[in-house]
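Peer 1: Handing you a structure now.
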Amino acid sequence: MASVTEWRDAMAPDLAVFQSIASAAWERLPGQFRQMCGDLVIRVVDFADDDVLDELDIESPFELLGLYQGVALTHQSTGDPTREPDQVFLYRRAILDEWTNGEDSLGEIITHVLVHEIGHHFGYSDADMEAIEDDVFNAA
């Protein structure tokens with residue numbers, strides 16, 4: 001167990017480091033799962049905007065770890081107007097809070113959030129998402 005002095009100068013990963021961890025987690029996801037997302041952008045921000053929290057009826061920004069924003073490929077049409085790419089928002093401070101309260105690594109939590117935000121958006125069952133996570137973690 002680490003002593004207090006070993007942790008004294010420890011710092012939480014900043015946005016850039018967190019983005020690197022998220023990018024590595026994305027690359028470990030199955031190719032077919034990533035492919036269905038098209039040109040998905042992963043954005044790391046500290047917290048969800050107040051508008052997002054209000055829309056989802058969430059009181060504390062620490063309650064929302066991630067959010068998928070976009071239109072599923074199955075609902076897109078070539079006649080659609082040009083729009084921004086779909087995005088998954090990872091809320092760094094909320095994820096860090098989750099990390100400090102559990103036993104999973106930060107990479108495992110980020111992977112879990114990515115899989116679940118994408119999976120829920122595309123209608124995957126909890127069992128399907130669990131199988132994807134198992135594949136990722138067993139391959140590591």
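Chain labels A, B, ... are given in the sequence in which chains occur in the structure tokens; within each chain residues are numbered consecutively from 1, and ligands are likewise numbered from 1 in the order shown.
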Please provide as an MDAnalysis selection string all residues within 8 Å of A:Arg28, with the sequence filter that same-chain residues fewer than 3 positions apart are discarded (counting only C-alpha atoms).

Peer 2: chainID A and resid 24:25 136

Peer 1: Write the residues of the selection above to a file with C-alpha atoms, as a PDB file, in the first residue's frame.

Peer 2:
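Generated file (out_15.pdb):
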ATOM      1  CA  ALA A  24      -6.170   3.898 -26.776  1.00  0.00           C
ATOM      2  CA  ALA A  25      -9.433   2.493 -25.381  1.00  0.00           C
ATOM      3  CA  VAL A 136     -11.466  -6.111 -24.918  1.00  0.00           C
TER       4      VAL A 136
END

Peer 1: List the neighbours of stretch 120-130 of chain A out to 12 Å using only C-alpha atoms; skip same-chain residues closer than 5 positions along the sequence, and give me the result as a ChimeraX atom specification.

Peer 2: /A:29-30,33-34,36-37,66-75,86-88,111-115,135-138

Peer 1: Per DSSP on the backbone, what are the strand (DSSP E) residues of stretch 41-123 of chain A, as a PyMOL selection string?

Peer 2: chain A and resi 41-45+66-69+87-91

Peer 1: Which residues are near A:Ile110? Cut-off 8 Å, only C-alpha atoms, ignore same chain within fewer than 6 positions. Put them as a PyMOL selection string.

Peer 2: chain A and resi 21-22+25+90+95

Peer 1: To test your reading of the structure, identify every residue in stretch 88-136 of chain A that backbone DSSP assigns to helix (DSSP H, G or I), and report it as a ChimeraX atom specification.

Peer 2: /A:92-100,106-121,126-136

Peer 1: Taking into account only C-alpha atoms, which residue in the set A:Asn101, A:Trp26, A:Ile58, A:Leu15 is nearest to A:Ile118?

Peer 2: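 Smallest separation from A:Ile118 among the options: A:Trp26.
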
Peer 1: In terms of the shortest atom-to-atom distance over only C-alpha atoms, which of A:Pro61, A:Pro13, A:Gly119, A:Pro85 is closest to A:Leu40?

Peer 2: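 Comparing A:Pro61, A:Pro13, A:Gly119, A:Pro85 against A:Leu40, the winner is A:Pro85.
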
Peer 1: What separation in Å, quoted to one decimal, exists between atom CA of A:Tyr91 and atom CA of A:Glu63?

Peer 2: 9.8 Å

Peer 1: A:Asp97: which residues within 12 Å, counting only C-alpha atoms, same-chain residues fewer than 2 positions away excluded, as a list in words?

Peer 2: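 Surrounding residues, per the criterion: Ala12, Asp46, Phe47, Pro61, Phe62, Glu63, Leu64, Leu65, Tyr91, Arg92, Arg93, Ala94, Ile95, Trp99, Thr100, Asn101, Gly102, Glu103, Asp104, Leu106 and Ile109 of chain A.
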
Peer 1: Work out how far apart atom CA of A:Ala16 and atom CA of A:Gly107 are and give it in Å to one decimal.

Peer 2: 14.2 Å

Peer 1: Work out how far atom CA of A:Gln19 is from atom CA of A:Ile42, in Å to one decimal.

Peer 2: 8.0 Å
